[in-house]
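**Student:** Structure supplied as upload_2.csv; contents: CSV, C-alpha atoms.
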chain,number,residue,atom,x,y,z
A,1206,MET,CA,-3.1,-76.6,39.4
A,1207,THR,CA,-6.2,-78.5,40.4
A,1208,HIS,CA,-7.5,-80.5,43.3
A,1209,PRO,CA,-7.9,-84.1,42.3
A,1210,VAL,CA,-10.4,-84.7,45.2
A,1211,ILE,CA,-13.2,-83.0,43.2
A,1212,PRO,CA,-13.3,-85.5,40.3
A,1213,TYR,CA,-12.7,-88.3,42.7
A,1214,VAL,CA,-15.7,-87.4,44.8
A,1215,VAL,CA,-17.9,-86.9,41.7
A,1216,ALA,CA,-16.9,-90.4,40.6
A,1217,ALA,CA,-17.7,-91.9,43.9
A,1218,LEU,CA,-21.1,-90.2,44.0
A,1219,LEU,CA,-21.8,-91.4,40.4
A,1220,PHE,CA,-20.9,-94.9,41.3
A,1221,GLY,CA,-23.3,-94.8,44.3
A,1222,ILE,CA,-26.0,-93.4,42.0
A,1223,GLY,CA,-25.4,-96.2,39.6
A,1224,THR,CA,-25.6,-98.9,42.3
A,1225,PHE,CA,-28.8,-97.3,43.6
A,1226,GLY,CA,-30.3,-97.5,40.0
A,1227,VAL,CA,-29.3,-101.1,39.5
A,1228,LEU,CA,-30.9,-102.1,42.8
A,1229,ARG,CA,-34.0,-100.0,42.4
A,1230,ARG,CA,-35.0,-100.1,38.7
A,1231,ARG,CA,-37.1,-102.9,37.5
A,1232,ASN,CA,-36.9,-102.3,33.7
A,1233,ALA,CA,-34.0,-103.9,32.0
A,1234,ILE,CA,-33.1,-100.9,29.9
A,1235,LEU,CA,-32.9,-98.6,32.9
A,1236,LEU,CA,-30.8,-101.3,34.5
A,1237,LEU,CA,-28.4,-101.0,31.6
A,1238,MET,CA,-28.3,-97.2,31.9
A,1239,SER,CA,-27.4,-97.5,35.6
A,1240,VAL,CA,-24.6,-99.9,34.7
A,1241,GLU,CA,-23.3,-97.3,32.2
A,1242,LEU,CA,-23.3,-94.8,35.1
A,1243,MET,CA,-21.1,-97.1,37.2
A,1244,LEU,CA,-18.7,-97.7,34.3
A,1245,ASN,CA,-18.4,-94.0,33.7
A,1246,ALA,CA,-17.6,-93.4,37.4
A,1247,VAL,CA,-14.7,-95.9,37.0
A,1248,ASN,CA,-13.6,-94.1,33.9
A,1249,LEU,CA,-13.5,-90.8,35.7
A,1250,VAL,CA,-11.4,-92.3,38.5
A,1251,LEU,CA,-8.9,-93.8,36.0
A,1252,VAL,CA,-8.6,-90.6,34.0
A,1253,THR,CA,-8.1,-88.5,37.2
A,1254,ALA,CA,-5.5,-91.0,38.5
A,1255,SER,CA,-3.7,-91.0,35.1
A,1256,VAL,CA,-3.6,-87.3,34.9
A,1257,THR,CA,-2.6,-86.5,38.5
A,1258,VAL,CA,0.1,-89.2,38.9
A,1259,ARG,CA,1.6,-88.8,35.4
A,1260,GLY,CA,4.4,-86.6,36.6
A,1261,VAL,CA,5.4,-89.1,39.3
A,1262,LEU,CA,5.2,-92.0,36.8
A,1263,ALA,CA,7.3,-90.2,34.2
A,1264,ALA,CA,9.9,-89.3,36.8
A,1265,ALA,CA,10.1,-93.0,37.7
A,1266,GLY,CA,10.6,-94.0,34.1
A,1267,ALA,CA,7.2,-95.7,33.6
A,1268,ALA,CA,4.7,-94.9,31.0
A,1269,GLY,CA,2.5,-91.9,31.6
A,1270,ALA,CA,-0.9,-92.4,30.1
A,1271,THR,CA,-1.8,-95.9,31.2
A,1272,GLY,CA,-5.0,-94.9,32.9
A,1273,GLN,CA,-6.4,-93.3,29.8
A,1274,VAL,CA,-5.5,-96.4,27.7
A,1275,PHE,CA,-7.6,-98.4,30.2
A,1276,VAL,CA,-10.4,-96.0,29.9
A,1277,LEU,CA,-10.4,-96.5,26.1
A,1278,PHE,CA,-10.5,-100.3,26.7
A,1279,ILE,CA,-13.4,-99.9,29.2
A,1280,ILE,CA,-15.4,-97.8,26.7
A,1281,VAL,CA,-15.0,-100.5,24.1
A,1282,ILE,CA,-16.1,-103.2,26.5
A,1283,ALA,CA,-19.1,-101.1,27.5
A,1284,ALA,CA,-20.1,-100.8,23.9
A,1285,ALA,CA,-19.9,-104.6,23.4
A,1286,GLU,CA,-21.8,-105.0,26.7
A,1287,VAL,CA,-24.6,-102.7,25.6
A,1288,GLY,CA,-24.9,-104.6,22.2
A,1289,VAL,CA,-25.2,-108.0,23.8
A,1290,GLY,CA,-27.5,-106.5,26.6
A,1291,LEU,CA,-29.8,-105.0,24.0
A,1292,ALA,CA,-30.1,-108.4,22.2
A,1293,ILE,CA,-30.9,-110.1,25.6
A,1294,VAL,CA,-33.4,-107.4,26.5
A,1295,LEU,CA,-35.2,-107.8,23.2
A,1296,GLN,CA,-35.3,-111.5,23.5
A,1297,LEU,CA,-36.7,-111.1,27.0
A,1298,TYR,CA,-39.4,-108.8,25.7
A,1299,ARG,CA,-40.2,-111.3,23.0
A,1300,LEU,CA,-40.6,-114.1,25.5
A,1301,GLN,CA,-42.5,-112.4,28.3
A,1302,GLY,CA,-44.1,-109.3,26.8
A,1303,SER,CA,-42.3,-106.8,28.9
A,1304,ALA,CA,-38.7,-105.8,29.7
A,1305,GLU,CA,-39.1,-106.2,33.4
A,1306,VAL,CA,-36.4,-108.3,35.1
A,1307,ASP,CA,-38.7,-109.3,38.0
A,1308,GLY,CA,-40.6,-111.8,35.9
A,1309,VAL,CA,-37.6,-113.7,34.5
A,1310,PRO,CA,-37.9,-117.4,35.4
A,1311,LEU,CA,-34.7,-118.4,36.9
A,1312,ALA,CA,-35.4,-122.1,37.4
A,1313,GLU,CA,-34.5,-124.5,34.6
A,1314,PRO,CA,-37.6,-125.7,32.7
A,1315,GLU,CA,-38.5,-129.3,33.3
A,1316,PRO,CA,-36.6,-131.4,30.8
A,1317,SER,CA,-39.4,-134.1,30.4
A,1318,LEU,CA,-42.0,-131.7,29.1
A,1319,ALA,CA,-43.0,-132.1,25.5
A,1320,ASP,CA,-43.4,-128.4,24.8
A,1321,PRO,CA,-39.9,-126.9,25.4
A,1322,GLU,CA,-40.8,-123.5,26.8
A,1323,PRO,CA,-44.2,-123.2,28.4
A,1324,SER,CA,-42.9,-121.5,31.5
A,1325,LEU,CA,-41.1,-118.9,29.4
A,1326,ALA,CA,-43.9,-118.4,26.9
A,1327,ASP,CA,-46.7,-117.6,29.2
A,1328,PRO,CA,-46.0,-114.5,31.3
A,1329,GLU,CA,-47.1,-114.2,34.8
A,1330,PRO,CA,-50.5,-112.7,35.0
A,1331,SER,CA,-49.5,-110.0,37.5
A,1332,LEU,CA,-46.9,-108.7,35.1
A,1333,ALA,CA,-48.5,-109.0,31.7
A,1334,GLY,CA,-52.0,-108.7,32.9
A,1335,PRO,CA,-52.9,-105.3,31.3
A,1336,GLU,CA,-51.4,-106.0,27.9
A,1337,PRO,CA,-51.9,-109.4,26.5
A,1338,SER,CA,-53.1,-107.9,23.3
A,1339,LEU,CA,-49.8,-106.0,23.0
A,1340,ALA,CA,-47.7,-109.1,23.8
A,1341,GLY,CA,-49.6,-111.3,21.4
A,1342,PRO,CA,-48.7,-110.1,17.9
A,1343,GLU,CA,-45.3,-108.8,18.7
A,1344,PRO,CA,-43.1,-111.9,18.2
A,1345,GLU,CA,-44.5,-112.4,14.7
A,1346,ARG,CA,-43.9,-108.8,13.7
A,1347,LEU,CA,-40.3,-108.8,15.0
A,1348,ARG,CA,-39.6,-112.1,13.3
A,1349,GLU,CA,-40.8,-110.7,10.0
A,1350,VAL,CA,-38.7,-107.7,10.2
A,1351,ALA,CA,-35.6,-109.5,11.4
A,1352,PRO,CA,-34.3,-111.0,8.2
B,76,MET,CA,-9.7,-72.5,43.5
B,77,THR,CA,-8.5,-72.2,40.0
B,78,VAL,CA,-10.4,-72.1,36.7
B,79,ALA,CA,-10.0,-75.8,36.3
B,80,ASP,CA,-11.4,-76.4,39.8
B,81,VAL,CA,-14.5,-74.3,39.1
B,82,LEU,CA,-15.1,-76.0,35.8
B,83,LEU,CA,-14.7,-79.5,37.4
B,84,LEU,CA,-17.1,-78.5,40.2
B,85,GLY,CA,-19.7,-77.2,37.8
B,86,LEU,CA,-19.5,-80.1,35.4
B,87,GLY,CA,-19.4,-82.6,38.3
B,88,ALA,CA,-22.6,-81.1,39.7
B,89,VAL,CA,-24.2,-81.4,36.3
B,90,ALA,CA,-23.1,-85.0,36.0
B,91,VAL,CA,-24.3,-86.0,39.5
B,92,GLY,CA,-27.6,-84.2,39.0
B,93,ALA,CA,-28.3,-85.7,35.7
B,94,GLY,CA,-27.3,-89.1,37.1
B,95,LEU,CA,-29.8,-88.7,39.9
B,96,CYS,CA,-32.5,-87.8,37.3
B,97,VAL,CA,-31.5,-91.0,35.3
B,98,VAL,CA,-32.3,-93.3,38.2
B,99,THR,CA,-35.3,-91.4,39.5
B,100,THR,CA,-37.3,-90.3,36.5
B,101,ALA,CA,-40.5,-92.1,35.6
B,102,HIS,CA,-40.1,-91.6,31.9
B,103,LEU,CA,-38.0,-94.1,30.0
B,104,VAL,CA,-37.1,-91.8,27.2
B,105,ARG,CA,-36.2,-88.9,29.5
B,106,ALA,CA,-33.9,-91.3,31.4
B,107,GLY,CA,-32.0,-91.8,28.1
B,108,LEU,CA,-31.8,-88.0,27.5
B,109,TYR,CA,-30.6,-87.4,31.1
B,110,LEU,CA,-28.0,-90.0,30.4
B,111,VAL,CA,-26.8,-87.9,27.5
B,112,VAL,CA,-26.4,-84.9,29.7
B,113,CYS,CA,-24.5,-86.9,32.3
B,114,LEU,CA,-22.1,-88.5,29.8
B,115,GLY,CA,-21.6,-85.1,28.1
B,116,ALA,CA,-20.7,-83.5,31.4
B,117,LEU,CA,-18.3,-86.3,32.1
B,118,ALA,CA,-16.7,-85.7,28.7
B,119,GLY,CA,-16.3,-82.1,29.6
B,120,MET,CA,-14.5,-83.2,32.8
B,121,PHE,CA,-12.2,-85.3,30.8
B,122,LEU,CA,-11.4,-82.3,28.6
B,123,VAL,CA,-10.7,-80.2,31.7
B,124,LEU,CA,-8.4,-83.0,33.0
B,125,THR,CA,-6.5,-82.8,29.7
B,126,ALA,CA,-7.6,-86.3,28.6
B,127,GLU,CA,-8.5,-85.0,25.2
B,128,LEU,CA,-8.7,-88.2,23.1
B,129,VAL,CA,-10.7,-89.9,25.8
B,130,ALA,CA,-13.2,-87.1,25.9
B,131,TRP,CA,-13.8,-87.3,22.2
B,132,VAL,CA,-14.1,-91.0,22.2
B,133,GLN,CA,-16.5,-90.7,25.1
B,134,VAL,CA,-18.6,-88.3,23.0
B,135,LEU,CA,-18.4,-90.5,19.9
B,136,ILE,CA,-19.1,-93.9,21.5
B,137,TYR,CA,-21.1,-93.2,24.6
B,138,VAL,CA,-23.2,-90.1,23.7
B,139,GLY,CA,-23.3,-91.3,20.1
B,140,ALA,CA,-23.6,-95.0,19.9
B,141,VAL,CA,-24.5,-96.4,23.3
B,142,VAL,CA,-27.3,-93.9,24.0
B,143,VAL,CA,-28.7,-94.5,20.5
B,144,LEU,CA,-28.7,-98.2,21.2
B,145,LEU,CA,-30.5,-97.7,24.5
B,146,LEU,CA,-33.1,-95.5,22.9
B,147,PHE,CA,-33.5,-98.1,20.2
B,148,ALA,CA,-34.2,-100.7,23.0
B,149,VAL,CA,-36.7,-98.3,24.5
B,150,MET,CA,-38.5,-98.1,21.2
B,151,LEU,CA,-38.3,-101.8,20.3
B,152,THR,CA,-39.8,-102.8,23.7
B,153,ARG,CA,-42.7,-100.5,23.1
B,154,ALA,CA,-42.1,-98.5,26.2
B,155,PRO,CA,-44.9,-96.0,27.0
B,156,ILE,CA,-44.3,-92.4,26.0
B,157,GLY,CA,-45.6,-90.9,29.2
B,158,ALA,CA,-44.7,-91.7,32.8
B,159,SER,CA,-44.9,-95.3,33.9
B,160,ARG,CA,-45.7,-96.1,37.4
B,161,ASP,CA,-44.2,-99.6,37.7
B,162,LEU,CA,-40.6,-98.9,36.9
B,163,ASP,CA,-39.3,-99.1,40.5
B,164,ARG,CA,-38.9,-101.4,43.4
B,165,PRO,CA,-39.1,-100.2,46.9
B,166,VAL,CA,-36.6,-97.5,47.5
B,167,TRP,CA,-35.0,-98.4,50.8
B,168,PRO,CA,-32.6,-101.3,50.0
B,169,GLY,CA,-31.2,-99.5,47.0
B,170,LEU,CA,-30.9,-96.2,48.9
B,171,LEU,CA,-29.1,-97.9,51.7
B,172,ILE,CA,-26.6,-99.8,49.6
B,173,GLY,CA,-26.2,-97.2,46.8
B,174,GLY,CA,-25.9,-94.3,49.2
B,175,GLY,CA,-23.6,-96.3,51.5
B,176,ALA,CA,-21.3,-97.2,48.6
B,177,GLY,CA,-21.3,-93.7,47.1
B,178,LEU,CA,-20.8,-91.8,50.4
B,179,GLY,CA,-18.4,-94.4,51.7
B,180,LEU,CA,-16.2,-94.1,48.6
B,181,ALA,CA,-16.4,-90.4,48.7
B,182,GLY,CA,-15.4,-90.3,52.3
B,183,LEU,CA,-12.5,-92.6,51.5
B,184,PHE,CA,-11.3,-90.3,48.7
B,185,VAL,CA,-11.7,-87.2,50.8
B,186,ASP,CA,-9.7,-88.8,53.6
B,187,ALA,CA,-7.0,-90.0,51.2
B,188,PHE,CA,-6.5,-86.8,49.2
B,189,ARG,CA,-7.6,-84.0,51.5
B,190,TRP,CA,-7.2,-80.7,49.7
B,191,THR,CA,-3.9,-81.4,47.9
B,192,SER,CA,-3.4,-79.8,44.6
B,193,VAL,CA,-1.6,-81.3,41.6
B,194,ALA,CA,-0.3,-79.6,38.5
B,195,LEU,CA,-2.1,-80.8,35.4
B,196,PRO,CA,0.3,-82.1,32.6
B,197,ALA,CA,1.3,-79.5,30.1
B,198,GLU,CA,0.7,-81.6,27.0
B,199,PRO,CA,-2.8,-83.0,26.6
B,200,GLY,CA,-3.3,-86.8,26.2
B,201,GLY,CA,-3.9,-86.7,22.5
B,202,ALA,CA,-4.1,-89.4,19.9
B,203,GLY,CA,-0.3,-89.4,19.4
B,204,ALA,CA,0.6,-90.1,23.1
B,205,LEU,CA,-2.2,-92.6,23.6
B,206,GLY,CA,-1.5,-94.4,20.4
B,207,GLY,CA,2.1,-94.8,21.2
B,208,GLU,CA,1.3,-96.1,24.6
B,209,ILE,CA,-1.3,-98.6,23.3
B,210,PHE,CA,1.0,-100.0,20.6
B,211,ARG,CA,4.1,-100.1,22.8
B,212,SER,CA,2.8,-101.4,26.1
B,213,TRP,CA,-0.7,-102.7,25.5
B,214,VAL,CA,-0.8,-104.5,22.1
B,215,LEU,CA,-1.9,-107.8,23.5
B,216,PRO,CA,-5.0,-106.4,25.4
B,217,PHE,CA,-5.8,-104.4,22.3
B,218,GLU,CA,-5.9,-107.5,20.1
B,219,VAL,CA,-7.8,-109.5,22.7
B,220,LEU,CA,-10.3,-106.7,22.8
B,221,SER,CA,-10.9,-106.9,19.1
B,222,VAL,CA,-11.6,-110.6,19.4
B,223,LEU,CA,-14.0,-109.8,22.3
B,224,LEU,CA,-15.8,-107.3,20.0
B,225,LEU,CA,-16.2,-110.0,17.4
B,226,ALA,CA,-17.5,-112.5,19.9
B,227,ALA,CA,-20.0,-109.9,21.2
B,228,LEU,CA,-21.2,-109.3,17.7
B,229,VAL,CA,-21.7,-113.0,16.9
B,230,GLY,CA,-23.3,-113.5,20.3
B,231,ALA,CA,-25.7,-110.6,19.8
B,232,ILE,CA,-26.8,-112.1,16.5
B,233,ILE,CA,-27.2,-115.6,17.8
B,234,VAL,CA,-29.2,-114.4,20.8
B,235,SER,CA,-31.5,-112.2,18.8
B,236,ARG,CA,-32.2,-114.7,16.0
B,237,PRO,CA,-35.0,-117.1,17.0
B,238,ASP,CA,-34.2,-119.8,14.4
B,239,VAL,CA,-30.5,-120.2,15.4
B,240,GLY,CA,-30.0,-122.7,18.2
B,241,ALA,CA,-33.7,-123.0,18.9
B,242,ALA,CA,-34.9,-125.9,20.9
B,243,ARG,CA,-35.6,-128.8,18.6
What does this structure look like when you write it as structure tokens?

**Tutor:**
Amino acid sequence: MTHPVIPYVVAALLFGIGTFGVLRRRNAILLLMSVELMLNAVNLVLVTASVTVRGVLAAAGAAGATGQVFVLFIIVIAAAEVGVGLAIVLQLYRLQGSAEVDGVPLAEPEPSLADPEPSLADPEPSLAGPEPSLAGPEPERLREVAP
Amino acid sequence: MTVADVLLLGLGAVAVGAGLCVVTTAHLVRAGLYLVVCLGALAGMFLVLTAELVAWVQVLIYVGAVVVLLLFAVMLTRAPIGASRDLDRPVWPGLLIGGGAGLGLAGLFVDAFRWTSVALPAEPGGAGALGGEIFRSWVLPFEVLSVLLLAALVGAIIVSRPDVGAAR
């Protein structure tokens, strides 16, 4: 016998913590970690629901472990999300010299410019001010290692 | 209060505490390590809830692969080893919305479930039961998911290679 309210409340608190992290953190990697917290809160809700209503579902003739199957699916999707997110974070770092999401230019670059990405290539001085020497050689080094 | 309740309370407290550390610490690497603690405690909760296969998959994929990927990202973006001061935005909007969402959902659950108790299933959700379920009822989502993984793989390669699809 167990009280299902305990894991449910833990999941709700974890989801709130994840939301807080997404809104508060400025670094893209910490943002990804907060998203993982939210996904895990949902996983906990699904597992608890699957375990606690299984008897009812089995009595009704339906399948019993559907929630756990969904949790497996969510874990796979989270792994794919982290892979793509990591690629995007590295590209962001290569472009602007830091992994901070506040400096991402959201507007489309002007199509008539000759140089295709001037607004992306030069980071804002307030963000990358202390480390231009760090940001400078990095793209070359990454590009050499990549193939 | 049974043994399962005590275990769930303890592991849940560890998970919530480690989660709080993840979103408040000023060290990037420590945030990743706290995330390991949080996900491990969640895997323990899955075990207590008799979701055995899910717990081991959680340990394998989350604690193993995802956290390692995140730590790789920390290293590849040359994060500072010590504390960094500029990781955070002002705290109030996040506290308002995150705390509101968390406490609101918790209140909803408490109101819905009160202190009812449920018998845990006798047989754990092992690979046999879950495999039967996946391949009987959920074959199509399973296959779509494999295509999604392939798409994510190709997408990650294309995004991270500067010479593919570059502006000409």

**Student:** For Val1215 of chain A, list every protein, DNA or RNA residue within 10 Å, evaluated using only C-alpha atoms, and leave out those in the same chain fewer than 6 positions away; present the list as a list in words.

**Tutor:** Gly1221, Ala1246, Leu1249 and Val1250 of chain A; Leu83, Leu84, Leu86, Gly87, Ala88, Val89, Ala90, Val91, Leu117, Gly177 and Ala181 of chain B

**Student:** What is the distance, in Å and to one decimal place, between atom CA of Leu1300 of chain A and atom CA of Asn1232 of chain A?

**Tutor:**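 Computing the Euclidean distance for atom CA of Leu1300 of chain A and atom CA of Asn1232 of chain A yields 14.8 Å.
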
**Student:** For chain B, which of A:Leu1219, A:Leu1251, A:Leu1297, A:Leu1244 is the closest residue, counting only C-alpha atoms?

**Tutor:** A:Leu1219

**Student:** Might you pull out every residue within 10 Å of segment 153-170 of chain B, with all atoms listed in the file counted and same-chain residues fewer than 5 positions away left off, and present them as a count of residues only?

**Tutor:** 36

**Student:** One decimal, in Å: what's the spacing between atom CA of Met1206 of chain A and atom CA of Leu1218 of chain A?

**Tutor:**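 Distance between the two atoms: 23.0 Å.
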
**Student:** So which residues are close to (-22.3, -84.0, 29.6), meaning at most 9 Å away in the file's coordinates with only C-alpha atoms counted, and can you show them as a list in words?

**Tutor:**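 Within the cut-off we find Leu86, Val89, Ala90, Ala93, Leu110, Val111, Val112, Cys113, Leu114, Gly115, Ala116, Leu117, Ala118, Gly119, Met120, Val134 and Val138 of chain B.
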
**Student:** Have a look at atom CA of Thr1207 of chain A and atom CA of Leu122 of chain B and let me know their distance in Å, one decimal.

**Tutor:**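 According to the coordinates, atom CA of Thr1207 of chain A and atom CA of Leu122 of chain B are separated by 13.4 Å.
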
**Student:** Please rebuild segment 213-234 of chain B with N, CA and C atoms and return the result as a PDB file, keeping the file's coordinate frame.

**Tutor:**
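Below is the file selection33.pdb, written as the result:
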ATOM      1  N   TRP B 213       0.546-102.001  25.332  1.00  0.00           N
ATOM      2  CA  TRP B 213      -0.700-102.700  25.500  1.00  0.00           C
ATOM      3  C   TRP B 213      -1.224-103.315  24.231  1.00  0.00           C
ATOM      4  N   VAL B 214      -0.331-103.885  23.427  1.00  0.00           N
ATOM      5  CA  VAL B 214      -0.800-104.500  22.100  1.00  0.00           C
ATOM      6  C   VAL B 214      -1.617-105.691  22.372  1.00  0.00           C
ATOM      7  N   LEU B 215      -1.195-106.541  23.298  1.00  0.00           N
ATOM      8  CA  LEU B 215      -1.900-107.800  23.500  1.00  0.00           C
ATOM      9  C   LEU B 215      -3.358-107.556  23.986  1.00  0.00           C
ATOM     10  N   PRO B 216      -3.570-106.726  25.032  1.00  0.00           N
ATOM     11  CA  PRO B 216      -5.000-106.400  25.400  1.00  0.00           C
ATOM     12  C   PRO B 216      -5.768-105.826  24.261  1.00  0.00           C
ATOM     13  N   PHE B 217      -5.104-105.003  23.463  1.00  0.00           N
ATOM     14  CA  PHE B 217      -5.800-104.400  22.300  1.00  0.00           C
ATOM     15  C   PHE B 217      -6.311-105.458  21.364  1.00  0.00           C
ATOM     16  N   GLU B 218      -5.442-106.435  21.050  1.00  0.00           N
ATOM     17  CA  GLU B 218      -5.900-107.500  20.100  1.00  0.00           C
ATOM     18  C   GLU B 218      -6.942-108.367  20.733  1.00  0.00           C
ATOM     19  N   VAL B 219      -6.771-108.695  22.008  1.00  0.00           N
ATOM     20  CA  VAL B 219      -7.800-109.500  22.700  1.00  0.00           C
ATOM     21  C   VAL B 219      -9.131-108.792  22.671  1.00  0.00           C
ATOM     22  N   LEU B 220      -9.066-107.465  22.811  1.00  0.00           N
ATOM     23  CA  LEU B 220     -10.300-106.700  22.800  1.00  0.00           C
ATOM     24  C   LEU B 220     -10.985-106.737  21.451  1.00  0.00           C
ATOM     25  N   SER B 221     -10.214-106.775  20.387  1.00  0.00           N
ATOM     26  CA  SER B 221     -10.900-106.900  19.100  1.00  0.00           C
ATOM     27  C   SER B 221     -11.543-108.221  18.921  1.00  0.00           C
ATOM     28  N   VAL B 222     -10.913-109.286  19.449  1.00  0.00           N
ATOM     29  CA  VAL B 222     -11.600-110.600  19.400  1.00  0.00           C
ATOM     30  C   VAL B 222     -12.844-110.568  20.258  1.00  0.00           C
ATOM     31  N   LEU B 223     -12.783-109.864  21.407  1.00  0.00           N
ATOM     32  CA  LEU B 223     -14.000-109.800  22.300  1.00  0.00           C
ATOM     33  C   LEU B 223     -15.107-109.052  21.531  1.00  0.00           C
ATOM     34  N   LEU B 224     -14.766-108.010  20.780  1.00  0.00           N
ATOM     35  CA  LEU B 224     -15.800-107.300  20.000  1.00  0.00           C
ATOM     36  C   LEU B 224     -16.446-108.242  19.009  1.00  0.00           C
ATOM     37  N   LEU B 225     -15.615-109.042  18.333  1.00  0.00           N
ATOM     38  CA  LEU B 225     -16.200-110.000  17.400  1.00  0.00           C
ATOM     39  C   LEU B 225     -17.074-110.987  18.038  1.00  0.00           C
ATOM     40  N   ALA B 226     -16.632-111.487  19.207  1.00  0.00           N
ATOM     41  CA  ALA B 226     -17.500-112.500  19.900  1.00  0.00           C
ATOM     42  C   ALA B 226     -18.774-111.831  20.356  1.00  0.00           C
ATOM     43  N   ALA B 227     -18.727-110.570  20.807  1.00  0.00           N
ATOM     44  CA  ALA B 227     -20.000-109.900  21.200  1.00  0.00           C
ATOM     45  C   ALA B 227     -20.910-109.742  20.028  1.00  0.00           C
ATOM     46  N   LEU B 228     -20.336-109.421  18.868  1.00  0.00           N
ATOM     47  CA  LEU B 228     -21.200-109.300  17.700  1.00  0.00           C
ATOM     48  C   LEU B 228     -21.865-110.567  17.327  1.00  0.00           C
ATOM     49  N   VAL B 229     -21.075-111.660  17.276  1.00  0.00           N
ATOM     50  CA  VAL B 229     -21.700-113.000  16.900  1.00  0.00           C
ATOM     51  C   VAL B 229     -22.693-113.351  18.000  1.00  0.00           C
ATOM     52  N   GLY B 230     -22.353-113.114  19.269  1.00  0.00           N
ATOM     53  CA  GLY B 230     -23.300-113.500  20.300  1.00  0.00           C
ATOM     54  C   GLY B 230     -24.581-112.718  20.241  1.00  0.00           C
ATOM     55  N   ALA B 231     -24.497-111.425  19.935  1.00  0.00           N
ATOM     56  CA  ALA B 231     -25.700-110.600  19.800  1.00  0.00           C
ATOM     57  C   ALA B 231     -26.590-111.164  18.684  1.00  0.00           C
ATOM     58  N   ILE B 232     -25.971-111.533  17.578  1.00  0.00           N
ATOM     59  CA  ILE B 232     -26.800-112.100  16.500  1.00  0.00           C
ATOM     60  C   ILE B 232     -27.417-113.369  16.842  1.00  0.00           C
ATOM     61  N   ILE B 233     -26.649-114.240  17.504  1.00  0.00           N
ATOM     62  CA  ILE B 233     -27.200-115.600  17.800  1.00  0.00           C
ATOM     63  C   ILE B 233     -28.334-115.423  18.849  1.00  0.00           C
ATOM     64  N   VAL B 234     -28.151-114.521  19.824  1.00  0.00           N
ATOM     65  CA  VAL B 234     -29.200-114.400  20.800  1.00  0.00           C
ATOM     66  C   VAL B 234     -30.476-113.831  20.193  1.00  0.00           C
TER      67      VAL B 234
END
